[in-house]
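J.: Starting off with a structure, shown below.
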2 protein chains.
Amino acid sequence: MTRITNRIRRLRFDHSEMTQEELAQRAGCTRQTIIALEQGKYVPSIELAFKIALAFGVTLEEVFQYEG
Amino acid sequence: MTRITNRIRRLRFDHSEMTQEELAQRAGCTRQTIIALEQGKYVPSIELAFKIALAFGVTLEEVFQYEG
DNA sequence: GCATAATGTAAAGTATGCAATACATTAATT
DNA sequence: AATTAATGTATTGCATACTTTACATTATGC
């Protein structure tokens with residue numbers, strides 16, 4: 001019932017097809033976490049959300065959206 | 001060891017001294033959660049962070065900062 | 001066909017966000 | 001001084017983010 005969506009998978013491919021592994025390393029989390037996030041299995045903490053946005057060089061809102 | 005800070009308390013006073021109770025109601029959480037957040041006792045979920053930003057009418061980054 | 005890279009699935013354990021409840025303290029007003 | 005509003009402290013409990021480890025599947029290239 002969360003209202004948070006993300007564009008991680010799309011952003012990965014927009015960024016020269018960055019692999020899940022590489023994104024995980026850049027964001028300082030495990031590959032499993034990236035997989036789960038892409039599949040919408042859970043919503044990241046704010047800290048991880050910021051790190052992922054940083055890994056892509058975009059703002060948090062460009063990666064994660066709140067569907068009010 | 002989290003690197004997340006917030007400006008909730010300042011924003012409350014910038015918004016006609018909104019009380020913790022009123023902010024809690026607008027954000028859909030309890031007053032205890034607002035208190036704990038202001039005291040830096042924990043970091044909110046992304047969902048709550050978005051709701052708080054909405055309550056103030058600002059972006060998430062204007063409320064929460066990642067100290068890289 | 002085989003090797004390798006990329007992605008996916010599964011399960012167990014730790015840490016913590018947040019609610020809920022109850023009580024204490026500090027203004028501010030009359 | 002007494003009342004009320006605002007803020008703070010403390011505790012219990014549940015849900016879930018995230019890690020770790022291990023194994024399975026699906027490309028892609030030689």
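Identifiers for the structure tokens are assigned positionally: chains receive A, B, ... in sequence, residues are indexed from 1 per chain, and ligands are indexed from 1 in the order shown.
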At a cut-off of 8 Å, which residues of chain D touch chain A? Count only C-alpha atoms (C1' of nucleotides) and give the answer as a short mmCIF file (atom, residue, chain, number, x, y, z; two decimals) with N, CA, C and O atoms (P, O5', C5', C4', C3', O3' and C1' of nucleotides), in the first residue's frame.

T.:
data_model
loop_
_atom_site.label_atom_id
_atom_site.label_comp_id
_atom_site.auth_asym_id
_atom_site.auth_seq_id
_atom_site.Cartn_x
_atom_site.Cartn_y
_atom_site.Cartn_z
P DA D 17 9.85 -1.73 3.34
"O5'" DA D 17 11.33 -1.14 3.28
"C5'" DA D 17 11.65 -0.06 4.14
"C4'" DA D 17 13.10 -0.18 4.60
"C3'" DA D 17 14.12 -0.46 3.50
"O3'" DA D 17 15.28 0.31 3.78
"C1'" DA D 17 14.25 -2.15 5.15
P DC D 18 16.35 0.56 2.61
"O5'" DC D 18 17.35 -0.66 2.80
"C5'" DC D 18 18.17 -0.67 3.96
"C4'" DC D 18 18.84 -2.02 4.13
"C3'" DC D 18 19.48 -2.58 2.86
"O3'" DC D 18 20.89 -2.35 2.95
"C1'" DC D 18 18.47 -4.25 4.28
P DT D 19 21.90 -3.12 1.99
"O5'" DT D 19 22.29 -4.38 2.89
"C5'" DT D 19 22.62 -4.17 4.26
"C4'" DT D 19 23.09 -5.47 4.88
"C3'" DT D 19 24.10 -6.26 4.03
"O3'" DT D 19 25.15 -6.69 4.88
"C1'" DT D 19 22.23 -7.64 4.56
#

J.: List every residue of chain A that has an atom at most 8 Å from any atom of chain B, and for each one report the closest atom pair and its distance in Å to one decimal, counting only C-alpha atoms, with rows sorted by chain and then by increasing residue number, as a Markdown table.

T.:
| residue | atom | partner | partner_atom | distance |
| --- | --- | --- | --- | --- |
| A:Thr2 | CA | B:Glu47 | CA | 7.6 |
| A:Arg3 | CA | B:Glu47 | CA | 7.3 |
| A:Ile4 | CA | B:Glu47 | CA | 6.7 |
| A:Val43 | CA | B:Ile46 | CA | 7.5 |
| A:Pro44 | CA | B:Ile46 | CA | 7.0 |
| A:Ser45 | CA | B:Ser45 | CA | 5.5 |
| A:Ile46 | CA | B:Ile46 | CA | 5.2 |
| A:Glu47 | CA | B:Ile4 | CA | 6.7 |
| A:Ala49 | CA | B:Ile46 | CA | 7.9 |
| A:Phe50 | CA | B:Tyr66 | CA | 6.6 |
| A:Leu60 | CA | B:Glu61 | CA | 7.8 |
| A:Glu61 | CA | B:Leu60 | CA | 7.8 |
| A:Tyr66 | CA | B:Phe50 | CA | 6.7 |

J.: Would you save the residues from that selection as a PDB file, in the first residue's frame, using C-alpha atoms?

T.:
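Listed below is the output, result-v6.pdb:
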ATOM      1  CA  THR A   2       2.924   2.321  -0.419  1.00  0.00           C
ATOM      2  CA  ARG A   3       2.602   5.225  -2.748  1.00  0.00           C
ATOM      3  CA  ILE A   4       6.238   5.383  -3.677  1.00  0.00           C
ATOM      4  CA  VAL A  43      10.737   1.182  -0.494  1.00  0.00           C
ATOM      5  CA  PRO A  44      14.221   2.407   0.355  1.00  0.00           C
ATOM      6  CA  SER A  45      15.242   4.396   3.386  1.00  0.00           C
ATOM      7  CA  ILE A  46      15.824   8.088   2.761  1.00  0.00           C
ATOM      8  CA  GLU A  47      19.530   7.580   3.094  1.00  0.00           C
ATOM      9  CA  ALA A  49      17.336   6.971  -1.782  1.00  0.00           C
ATOM     10  CA  PHE A  50      19.754   9.893  -1.584  1.00  0.00           C
ATOM     11  CA  LEU A  60      15.856  12.321  -5.237  1.00  0.00           C
ATOM     12  CA  GLU A  61      12.565  13.315  -6.824  1.00  0.00           C
ATOM     13  CA  TYR A  66       5.194  10.052  -4.191  1.00  0.00           C
TER      14      TYR A  66
END

J.: May I have a table of the residues of chain A lying at most 9 Å from chain C, giving each one's closest pair of atoms and their distance in Å to one decimal, counting only C-alpha atoms (C1' of nucleotides), ordered by chain and ascending residue number, as CSV?

T.:
residue,atom,partner,partner_atom,distance
A:Thr19,CA,C:DA6,C1',7.5
A:Gln20,CA,C:DA6,C1',8.2
A:Glu21,CA,C:DA6,C1',8.7
A:Ile35,CA,C:DG8,C1',8.1

J.: Keeping only C-alpha atoms, write the selected residues as an mmCIF file, in the first residue's frame.

T.:
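Ended up saving to out_8.cif:
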data_model
loop_
_atom_site.group_PDB
_atom_site.id
_atom_site.type_symbol
_atom_site.label_atom_id
_atom_site.label_comp_id
_atom_site.auth_asym_id
_atom_site.auth_seq_id
_atom_site.Cartn_x
_atom_site.Cartn_y
_atom_site.Cartn_z
ATOM 1 C CA THR A 19 24.426 -2.853 -14.275
ATOM 2 C CA GLN A 20 22.639 -3.579 -11.024
ATOM 3 C CA GLU A 21 25.988 -4.562 -9.565
ATOM 4 C CA ILE A 35 16.735 -5.947 -7.520
#

J.: Could you give me chain B least-squares fitted onto chain A (all C-alpha atoms, paired in order), as a short mmCIF file (atom, residue, chain, number, x, y, z; two decimals) with N, CA, C and O atoms, in the first residue's frame?

T.:
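result_13.cif was written with the following content:
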data_model
loop_
_atom_site.label_atom_id
_atom_site.label_comp_id
_atom_site.auth_asym_id
_atom_site.auth_seq_id
_atom_site.Cartn_x
_atom_site.Cartn_y
_atom_site.Cartn_z
N MET B 1 0.87 -1.21 0.07
CA MET B 1 0.04 -0.01 0.03
C MET B 1 0.87 1.27 0.01
O MET B 1 0.40 2.34 0.36
N THR B 2 2.10 1.12 -0.35
CA THR B 2 2.94 2.33 -0.41
C THR B 2 2.65 3.10 -1.67
O THR B 2 2.23 2.54 -2.67
N ARG B 3 2.86 4.37 -1.62
CA ARG B 3 2.60 5.22 -2.77
C ARG B 3 3.90 5.71 -3.39
O ARG B 3 3.93 6.73 -4.07
N ILE B 4 4.95 4.96 -3.17
CA ILE B 4 6.24 5.38 -3.69
C ILE B 4 6.62 4.53 -4.89
O ILE B 4 6.62 3.30 -4.81
N THR B 5 6.93 5.18 -5.98
CA THR B 5 7.42 4.46 -7.15
C THR B 5 8.84 4.96 -7.45
O THR B 5 9.25 5.99 -6.94
N ASN B 6 9.54 4.20 -8.28
CA ASN B 6 10.88 4.65 -8.64
C ASN B 6 11.20 4.35 -10.09
O ASN B 6 10.56 3.50 -10.71
N ARG B 7 12.16 5.08 -10.61
CA ARG B 7 12.57 4.93 -12.01
C ARG B 7 13.99 4.39 -12.12
O ARG B 7 14.71 4.72 -13.06
N ILE B 8 14.36 3.58 -11.15
CA ILE B 8 15.73 3.08 -11.11
C ILE B 8 16.09 2.34 -12.39
O ILE B 8 17.11 2.62 -13.01
N ARG B 9 15.24 1.41 -12.77
CA ARG B 9 15.57 0.59 -13.94
C ARG B 9 15.74 1.45 -15.19
O ARG B 9 16.71 1.29 -15.94
N ARG B 10 14.83 2.37 -15.37
CA ARG B 10 14.96 3.26 -16.54
C ARG B 10 16.23 4.08 -16.47
O ARG B 10 16.97 4.20 -17.45
N LEU B 11 16.52 4.62 -15.31
CA LEU B 11 17.71 5.45 -15.14
C LEU B 11 19.00 4.65 -15.38
O LEU B 11 19.97 5.17 -15.93
N ARG B 12 18.99 3.39 -15.00
CA ARG B 12 20.17 2.57 -15.24
C ARG B 12 20.47 2.49 -16.73
O ARG B 12 21.62 2.62 -17.15
N PHE B 13 19.43 2.33 -17.53
CA PHE B 13 19.66 2.19 -18.96
C PHE B 13 19.95 3.53 -19.61
O PHE B 13 20.66 3.60 -20.61
N ASP B 14 19.42 4.59 -19.03
CA ASP B 14 19.74 5.93 -19.53
C ASP B 14 21.18 6.29 -19.23
O ASP B 14 21.76 7.16 -19.87
N HIS B 15 21.77 5.60 -18.27
CA HIS B 15 23.15 5.88 -17.91
C HIS B 15 24.04 4.75 -18.42
O HIS B 15 24.59 3.98 -17.64
N SER B 16 24.13 4.66 -19.72
CA SER B 16 24.98 3.69 -20.39
C SER B 16 24.81 2.28 -19.85
O SER B 16 25.77 1.56 -19.64
N GLU B 17 23.52 1.93 -19.61
CA GLU B 17 23.20 0.58 -19.19
C GLU B 17 24.03 0.12 -17.99
O GLU B 17 24.59 -0.97 -17.98
N MET B 18 24.06 0.95 -17.01
CA MET B 18 24.74 0.61 -15.76
C MET B 18 24.12 -0.67 -15.20
O MET B 18 22.90 -0.80 -15.14
N THR B 19 24.95 -1.60 -14.81
CA THR B 19 24.41 -2.85 -14.27
C THR B 19 23.92 -2.66 -12.84
O THR B 19 24.28 -1.70 -12.17
N GLN B 20 23.11 -3.61 -12.40
CA GLN B 20 22.62 -3.57 -11.02
C GLN B 20 23.81 -3.62 -10.06
O GLN B 20 23.82 -2.92 -9.04
N GLU B 21 24.77 -4.44 -10.42
CA GLU B 21 25.95 -4.57 -9.58
C GLU B 21 26.69 -3.24 -9.44
O GLU B 21 27.08 -2.84 -8.34
N GLU B 22 26.87 -2.55 -10.57
CA GLU B 22 27.61 -1.29 -10.52
C GLU B 22 26.83 -0.24 -9.73
O GLU B 22 27.39 0.51 -8.92
N LEU B 23 25.53 -0.18 -9.95
CA LEU B 23 24.71 0.76 -9.19
C LEU B 23 24.80 0.46 -7.70
O LEU B 23 24.94 1.36 -6.87
N ALA B 24 24.73 -0.82 -7.37
CA ALA B 24 24.80 -1.22 -5.96
C ALA B 24 26.10 -0.73 -5.34
O ALA B 24 26.11 -0.18 -4.24
N GLN B 25 27.20 -0.92 -6.07
CA GLN B 25 28.48 -0.47 -5.54
C GLN B 25 28.52 1.04 -5.35
O GLN B 25 28.97 1.54 -4.33
N ARG B 26 28.02 1.75 -6.34
CA ARG B 26 28.02 3.21 -6.23
C ARG B 26 27.14 3.71 -5.09
O ARG B 26 27.44 4.71 -4.45
N ALA B 27 26.03 3.01 -4.89
CA ALA B 27 25.09 3.44 -3.85
C ALA B 27 25.45 2.86 -2.48
O ALA B 27 24.86 3.23 -1.47
N GLY B 28 26.42 1.95 -2.48
CA GLY B 28 26.82 1.37 -1.20
C GLY B 28 25.80 0.42 -0.61
O GLY B 28 25.62 0.36 0.59
N CYS B 29 25.14 -0.34 -1.50
CA CYS B 29 24.21 -1.35 -0.99
C CYS B 29 24.47 -2.64 -1.76
O CYS B 29 25.38 -2.72 -2.56
N THR B 30 23.68 -3.66 -1.52
CA THR B 30 23.89 -4.92 -2.21
C THR B 30 23.06 -4.98 -3.50
O THR B 30 22.11 -4.21 -3.66
N ARG B 31 23.44 -5.88 -4.36
CA ARG B 31 22.71 -6.06 -5.60
C ARG B 31 21.27 -6.51 -5.32
O ARG B 31 20.33 -6.11 -6.03
N GLN B 32 21.11 -7.32 -4.28
CA GLN B 32 19.76 -7.79 -3.93
C GLN B 32 18.84 -6.62 -3.62
O GLN B 32 17.65 -6.64 -3.95
N THR B 33 19.38 -5.61 -3.00
CA THR B 33 18.58 -4.44 -2.66
C THR B 33 18.12 -3.72 -3.92
O THR B 33 16.95 -3.34 -4.04
N ILE B 34 19.02 -3.59 -4.90
CA ILE B 34 18.64 -2.95 -6.17
C ILE B 34 17.56 -3.76 -6.87
O ILE B 34 16.56 -3.22 -7.34
N ILE B 35 17.75 -5.07 -6.90
CA ILE B 35 16.74 -5.93 -7.54
C ILE B 35 15.38 -5.74 -6.88
O ILE B 35 14.37 -5.52 -7.55
N ALA B 36 15.35 -5.82 -5.56
CA ALA B 36 14.09 -5.67 -4.82
C ALA B 36 13.47 -4.31 -5.08
O ALA B 36 12.25 -4.19 -5.24
N LEU B 37 14.28 -3.28 -5.13
CA LEU B 37 13.76 -1.93 -5.37
C LEU B 37 13.15 -1.84 -6.77
O LEU B 37 12.04 -1.32 -6.93
N GLU B 38 13.85 -2.38 -7.76
CA GLU B 38 13.34 -2.32 -9.13
C GLU B 38 12.02 -3.09 -9.24
O GLU B 38 11.16 -2.73 -10.04
N GLN B 39 11.89 -4.13 -8.46
CA GLN B 39 10.68 -4.94 -8.51
C GLN B 39 9.58 -4.40 -7.60
O GLN B 39 8.52 -5.01 -7.49
N GLY B 40 9.87 -3.30 -6.96
CA GLY B 40 8.86 -2.70 -6.09
C GLY B 40 8.56 -3.52 -4.86
O GLY B 40 7.51 -3.39 -4.25
N LYS B 41 9.53 -4.36 -4.46
CA LYS B 41 9.30 -5.21 -3.29
C LYS B 41 9.46 -4.46 -1.99
O LYS B 41 8.95 -4.88 -0.96
N TYR B 42 10.22 -3.41 -2.02
CA TYR B 42 10.19 -2.51 -0.87
C TYR B 42 10.67 -1.13 -1.24
O TYR B 42 11.20 -0.92 -2.33
N VAL B 43 10.44 -0.24 -0.31
CA VAL B 43 10.74 1.17 -0.50
C VAL B 43 12.01 1.47 0.29
O VAL B 43 12.15 1.02 1.42
N PRO B 44 12.94 2.20 -0.31
CA PRO B 44 14.21 2.43 0.37
C PRO B 44 14.11 3.42 1.52
O PRO B 44 13.16 4.20 1.59
N SER B 45 15.10 3.39 2.37
CA SER B 45 15.21 4.42 3.40
C SER B 45 15.59 5.72 2.68
O SER B 45 16.01 5.70 1.53
N ILE B 46 15.43 6.83 3.37
CA ILE B 46 15.80 8.11 2.77
C ILE B 46 17.28 8.12 2.43
O ILE B 46 17.70 8.60 1.38
N GLU B 47 18.07 7.57 3.32
CA GLU B 47 19.52 7.59 3.10
C GLU B 47 19.88 6.86 1.81
O GLU B 47 20.62 7.39 0.98
N LEU B 48 19.35 5.66 1.64
CA LEU B 48 19.65 4.92 0.42
C LEU B 48 19.09 5.64 -0.81
O LEU B 48 19.73 5.69 -1.86
N ALA B 49 17.92 6.23 -0.65
CA ALA B 49 17.32 6.97 -1.77
C ALA B 49 18.24 8.11 -2.21
O ALA B 49 18.46 8.31 -3.41
N PHE B 50 18.81 8.82 -1.26
CA PHE B 50 19.74 9.90 -1.58
C PHE B 50 20.99 9.35 -2.27
O PHE B 50 21.49 9.92 -3.24
N LYS B 51 21.48 8.23 -1.79
CA LYS B 51 22.69 7.65 -2.37
C LYS B 51 22.45 7.21 -3.81
O LYS B 51 23.31 7.37 -4.67
N ILE B 52 21.28 6.64 -4.06
CA ILE B 52 20.96 6.20 -5.42
C ILE B 52 20.84 7.40 -6.35
O ILE B 52 21.35 7.40 -7.47
N ALA B 53 20.19 8.45 -5.86
CA ALA B 53 20.07 9.66 -6.66
C ALA B 53 21.46 10.21 -6.98
O ALA B 53 21.75 10.61 -8.12
N LEU B 54 22.33 10.20 -5.97
CA LEU B 54 23.71 10.66 -6.17
C LEU B 54 24.43 9.82 -7.20
O LEU B 54 25.16 10.33 -8.04
N ALA B 55 24.20 8.51 -7.15
CA ALA B 55 24.85 7.60 -8.09
C ALA B 55 24.48 7.94 -9.53
O ALA B 55 25.27 7.76 -10.45
N PHE B 56 23.27 8.46 -9.71
CA PHE B 56 22.81 8.83 -11.04
C PHE B 56 23.07 10.31 -11.33
O PHE B 56 22.91 10.76 -12.47
N GLY B 57 23.43 11.05 -10.31
CA GLY B 57 23.66 12.48 -10.50
C GLY B 57 22.38 13.26 -10.73
O GLY B 57 22.37 14.27 -11.44
N VAL B 58 21.30 12.80 -10.12
CA VAL B 58 20.01 13.50 -10.25
C VAL B 58 19.44 13.75 -8.86
O VAL B 58 20.00 13.29 -7.86
N THR B 59 18.33 14.46 -8.81
CA THR B 59 17.72 14.70 -7.50
C THR B 59 16.92 13.48 -7.07
O THR B 59 16.59 12.61 -7.88
N LEU B 60 16.63 13.43 -5.79
CA LEU B 60 15.86 12.31 -5.24
C LEU B 60 14.51 12.19 -5.93
O LEU B 60 14.06 11.09 -6.24
N GLU B 61 13.88 13.34 -6.20
CA GLU B 61 12.55 13.31 -6.83
C GLU B 61 12.58 12.80 -8.27
O GLU B 61 11.55 12.39 -8.80
N GLU B 62 13.76 12.84 -8.89
CA GLU B 62 13.85 12.31 -10.25
C GLU B 62 13.90 10.79 -10.24
O GLU B 62 13.66 10.14 -11.25
N VAL B 63 14.23 10.23 -9.09
CA VAL B 63 14.27 8.78 -8.98
C VAL B 63 13.02 8.24 -8.30
O VAL B 63 12.44 7.25 -8.75
N PHE B 64 12.59 8.91 -7.25
CA PHE B 64 11.44 8.44 -6.47
C PHE B 64 10.30 9.44 -6.51
O PHE B 64 10.51 10.65 -6.38
N GLN B 65 9.09 8.90 -6.69
CA GLN B 65 7.91 9.75 -6.76
C GLN B 65 6.90 9.32 -5.72
O GLN B 65 6.72 8.13 -5.47
N TYR B 66 6.27 10.32 -5.15
CA TYR B 66 5.20 10.04 -4.21
C TYR B 66 3.88 10.24 -4.94
O TYR B 66 3.57 11.34 -5.39
N GLU B 67 3.12 9.17 -5.08
CA GLU B 67 1.83 9.25 -5.76
C GLU B 67 0.79 9.64 -4.72
O GLU B 67 0.18 8.79 -4.10
N GLY B 68 0.66 10.94 -4.54
CA GLY B 68 -0.24 11.46 -3.51
C GLY B 68 -1.66 10.99 -3.66
O GLY B 68 -2.51 11.38 -2.91
#

J.: Could you pull out the strand (DSSP E) residues of chain B from DSSP and send them as a PyMOL selection string?

T.: chain B and resi 4-6+64-66

J.: Kindly save the residues from that selection, with all heavy atoms included, as a compact mmCIF listing (two decimals), in the first residue's frame.

T.:
# COMPACT_ATOMS: atom_id res chain seq x y z
N ILE B 4 21.62 12.03 7.61
CA ILE B 4 20.43 12.77 7.22
C ILE B 4 20.07 13.78 8.30
O ILE B 4 19.93 13.43 9.47
CB ILE B 4 19.23 11.82 7.01
CG1 ILE B 4 19.59 10.72 6.01
CG2 ILE B 4 18.01 12.59 6.54
CD1 ILE B 4 19.75 11.17 4.60
N THR B 5 19.93 15.03 7.90
CA THR B 5 19.47 16.04 8.83
C THR B 5 18.15 16.60 8.30
O THR B 5 17.80 16.38 7.14
CB THR B 5 20.49 17.19 8.95
OG1 THR B 5 20.67 17.78 7.66
CG2 THR B 5 21.82 16.67 9.44
N ASN B 6 17.44 17.31 9.17
CA ASN B 6 16.19 17.91 8.71
C ASN B 6 15.97 19.28 9.31
O ASN B 6 16.57 19.62 10.34
CB ASN B 6 15.00 16.99 9.01
CG ASN B 6 14.62 16.99 10.47
OD1 ASN B 6 14.05 17.97 10.98
ND2 ASN B 6 14.94 15.91 11.17
N PHE B 64 14.82 17.72 4.12
CA PHE B 64 15.84 16.73 4.49
C PHE B 64 17.09 16.87 3.62
O PHE B 64 17.00 17.04 2.40
CB PHE B 64 15.27 15.31 4.35
CG PHE B 64 14.05 15.09 5.19
CD1 PHE B 64 12.78 15.30 4.66
CD2 PHE B 64 14.16 14.73 6.53
CE1 PHE B 64 11.64 15.14 5.44
CE2 PHE B 64 13.04 14.57 7.31
CZ PHE B 64 11.78 14.78 6.76
N GLN B 65 18.24 16.79 4.29
CA GLN B 65 19.50 16.91 3.57
C GLN B 65 20.38 15.70 3.83
O GLN B 65 20.40 15.17 4.94
CB GLN B 65 20.26 18.17 4.03
CG GLN B 65 19.58 19.47 3.70
CD GLN B 65 18.48 19.80 4.69
OE1 GLN B 65 18.66 19.59 5.89
NE2 GLN B 65 17.35 20.27 4.21
N TYR B 66 21.05 15.31 2.78
CA TYR B 66 22.00 14.21 2.92
C TYR B 66 23.39 14.83 3.00
O TYR B 66 23.85 15.47 2.07
CB TYR B 66 21.91 13.28 1.70
CG TYR B 66 22.94 12.17 1.72
CD1 TYR B 66 22.90 11.18 2.70
CD2 TYR B 66 23.95 12.10 0.77
CE1 TYR B 66 23.83 10.16 2.73
CE2 TYR B 66 24.90 11.09 0.80
CZ TYR B 66 24.82 10.13 1.78
OH TYR B 66 25.75 9.14 1.80

J.: Write out as a compact mmCIF listing (two decimals) with N, CA, C and O atoms, in the first residue's frame the set of residues from chain A that DSSP, computed on the backbone, places in alpha helix (DSSP H).

T.:
# COMPACT_ATOMS: atom_id res chain seq x y z
N ILE A 8 14.36 3.57 -11.15
CA ILE A 8 15.73 3.07 -11.12
C ILE A 8 16.10 2.33 -12.39
O ILE A 8 17.11 2.62 -13.02
N ARG A 9 15.23 1.41 -12.79
CA ARG A 9 15.57 0.59 -13.96
C ARG A 9 15.75 1.45 -15.21
O ARG A 9 16.69 1.28 -15.97
N ARG A 10 14.83 2.37 -15.38
CA ARG A 10 14.95 3.26 -16.55
C ARG A 10 16.23 4.08 -16.48
O ARG A 10 16.96 4.20 -17.46
N LEU A 11 16.51 4.62 -15.31
CA LEU A 11 17.71 5.44 -15.15
C LEU A 11 18.99 4.65 -15.39
O LEU A 11 19.96 5.17 -15.94
N ARG A 12 18.99 3.40 -15.00
CA ARG A 12 20.16 2.57 -15.25
C ARG A 12 20.47 2.49 -16.73
O ARG A 12 21.61 2.63 -17.16
N PHE A 13 19.43 2.32 -17.53
CA PHE A 13 19.65 2.19 -18.97
C PHE A 13 19.93 3.53 -19.62
O PHE A 13 20.64 3.59 -20.63
N ASP A 14 19.40 4.58 -19.02
CA ASP A 14 19.72 5.92 -19.54
C ASP A 14 21.17 6.28 -19.24
O ASP A 14 21.74 7.16 -19.88
N GLN A 20 23.14 -3.62 -12.40
CA GLN A 20 22.64 -3.58 -11.02
C GLN A 20 23.82 -3.61 -10.05
O GLN A 20 23.82 -2.92 -9.03
N GLU A 21 24.80 -4.42 -10.40
CA GLU A 21 25.99 -4.56 -9.56
C GLU A 21 26.72 -3.23 -9.42
O GLU A 21 27.10 -2.82 -8.32
N GLU A 22 26.89 -2.54 -10.55
CA GLU A 22 27.62 -1.27 -10.50
C GLU A 22 26.84 -0.21 -9.71
O GLU A 22 27.40 0.52 -8.90
N LEU A 23 25.54 -0.18 -9.92
CA LEU A 23 24.72 0.77 -9.17
C LEU A 23 24.80 0.47 -7.68
O LEU A 23 24.93 1.38 -6.85
N ALA A 24 24.73 -0.81 -7.35
CA ALA A 24 24.80 -1.22 -5.95
C ALA A 24 26.11 -0.73 -5.33
O ALA A 24 26.11 -0.18 -4.22
N GLN A 25 27.20 -0.91 -6.05
CA GLN A 25 28.50 -0.46 -5.51
C GLN A 25 28.51 1.05 -5.33
O GLN A 25 28.95 1.55 -4.31
N ARG A 26 28.02 1.76 -6.33
CA ARG A 26 28.02 3.22 -6.22
C ARG A 26 27.13 3.70 -5.07
O ARG A 26 27.42 4.69 -4.42
N ALA A 27 26.03 3.01 -4.87
CA ALA A 27 25.08 3.44 -3.83
C ALA A 27 25.44 2.85 -2.47
O ALA A 27 24.83 3.21 -1.46
N ARG A 31 23.44 -5.87 -4.36
CA ARG A 31 22.71 -6.05 -5.61
C ARG A 31 21.28 -6.51 -5.33
O ARG A 31 20.34 -6.13 -6.03
N GLN A 32 21.11 -7.31 -4.28
CA GLN A 32 19.77 -7.79 -3.92
C GLN A 32 18.84 -6.62 -3.62
O GLN A 32 17.66 -6.66 -3.96
N THR A 33 19.39 -5.62 -2.99
CA THR A 33 18.58 -4.45 -2.65
C THR A 33 18.12 -3.74 -3.92
O THR A 33 16.95 -3.36 -4.04
N ILE A 34 19.02 -3.59 -4.88
CA ILE A 34 18.64 -2.96 -6.15
C ILE A 34 17.56 -3.76 -6.85
O ILE A 34 16.55 -3.21 -7.34
N ILE A 35 17.73 -5.08 -6.89
CA ILE A 35 16.73 -5.95 -7.52
C ILE A 35 15.38 -5.75 -6.86
O ILE A 35 14.37 -5.53 -7.54
N ALA A 36 15.35 -5.81 -5.54
CA ALA A 36 14.09 -5.67 -4.82
C ALA A 36 13.46 -4.31 -5.07
O ALA A 36 12.25 -4.20 -5.24
N LEU A 37 14.27 -3.27 -5.12
CA LEU A 37 13.75 -1.93 -5.37
C LEU A 37 13.15 -1.84 -6.77
O LEU A 37 12.04 -1.32 -6.96
N GLU A 38 13.86 -2.37 -7.77
CA GLU A 38 13.35 -2.33 -9.14
C GLU A 38 12.03 -3.09 -9.26
O GLU A 38 11.17 -2.76 -10.05
N ILE A 46 15.45 6.81 3.36
CA ILE A 46 15.82 8.09 2.76
C ILE A 46 17.30 8.10 2.43
O ILE A 46 17.71 8.58 1.38
N GLU A 47 18.09 7.56 3.31
CA GLU A 47 19.53 7.58 3.09
C GLU A 47 19.89 6.86 1.80
O GLU A 47 20.63 7.40 0.96
N LEU A 48 19.37 5.66 1.63
CA LEU A 48 19.66 4.91 0.42
C LEU A 48 19.11 5.63 -0.81
O LEU A 48 19.75 5.68 -1.87
N ALA A 49 17.94 6.23 -0.66
CA ALA A 49 17.34 6.97 -1.78
C ALA A 49 18.26 8.10 -2.22
O ALA A 49 18.48 8.31 -3.43
N PHE A 50 18.83 8.80 -1.26
CA PHE A 50 19.75 9.89 -1.58
C PHE A 50 21.00 9.34 -2.28
O PHE A 50 21.50 9.91 -3.25
N LYS A 51 21.50 8.23 -1.80
CA LYS A 51 22.71 7.65 -2.39
C LYS A 51 22.46 7.21 -3.82
O LYS A 51 23.33 7.37 -4.69
N ILE A 52 21.30 6.65 -4.07
CA ILE A 52 20.97 6.20 -5.43
C ILE A 52 20.85 7.41 -6.35
O ILE A 52 21.36 7.41 -7.48
N ALA A 53 20.20 8.45 -5.87
CA ALA A 53 20.08 9.67 -6.67
C ALA A 53 21.47 10.22 -6.99
O ALA A 53 21.75 10.60 -8.13
N LEU A 54 22.33 10.20 -5.99
CA LEU A 54 23.71 10.67 -6.18
C LEU A 54 24.43 9.82 -7.22
O LEU A 54 25.16 10.34 -8.06
N ALA A 55 24.21 8.52 -7.16
CA ALA A 55 24.87 7.61 -8.10
C ALA A 55 24.48 7.95 -9.54
O ALA A 55 25.27 7.76 -10.47
N PHE A 56 23.27 8.46 -9.72
CA PHE A 56 22.81 8.84 -11.05
C PHE A 56 23.07 10.32 -11.34
O PHE A 56 22.90 10.77 -12.47
N LEU A 60 16.64 13.43 -5.78
CA LEU A 60 15.86 12.32 -5.24
C LEU A 60 14.51 12.20 -5.93
O LEU A 60 14.06 11.09 -6.24
N GLU A 61 13.88 13.34 -6.19
CA GLU A 61 12.57 13.32 -6.82
C GLU A 61 12.59 12.80 -8.26
O GLU A 61 11.55 12.40 -8.79
N GLU A 62 13.76 12.84 -8.88
CA GLU A 62 13.83 12.30 -10.24
C GLU A 62 13.89 10.78 -10.24
O GLU A 62 13.66 10.14 -11.25
N VAL A 63 14.21 10.23 -9.09
CA VAL A 63 14.27 8.77 -8.98
C VAL A 63 13.01 8.23 -8.31
O VAL A 63 12.44 7.23 -8.74
